[in-house]
Amino acid sequence: MSHHAVRYVTKSAAAAAGSIGAAAATAASAVAAAAVAASVVLSPVPDAASRMDGVHADLQRAVQLNQITAEQAASFEAKLAGRILGDA
């Protein structure tokens with residue numbers, strides 16, 4: 001086998017191994033995403049008070065980051081409380 005043929009075979013084998021590794025990584029990330037989705041779907045639904053606690057914490061964080069004003073947070077929280085606690 002000539003020197004060029006050996007180099008071609010080596011490069012081809014390395015390229016094949018790289019594509020197999022990329023396919024395995026893609027498959028692994030797809031499996032991980034499916035596992036996360038299943039855990040979200042199968043997790044118990046929190047009660048209304050827990051949901052409102054989470055909403056309040058998220059809105060306070062948004063106020064601290066200057067993404068919304070305190071007045072906007074209070075208004076939005078009141079709207080969500082009506083929907084969440086009204087369903088409870």
# chains A, B, ... in the order shown; residues from 1 in each chain; ligands from 1
$ residues_around --residues "range 50-56 of chain A" --least-positions-apart "4" --cutoff "10 Å" --atoms "only C-alpha atoms" --output "number ranges by chain"
A: 45-46, 60-62, 73-74, 76-78, 80-81, 84-85
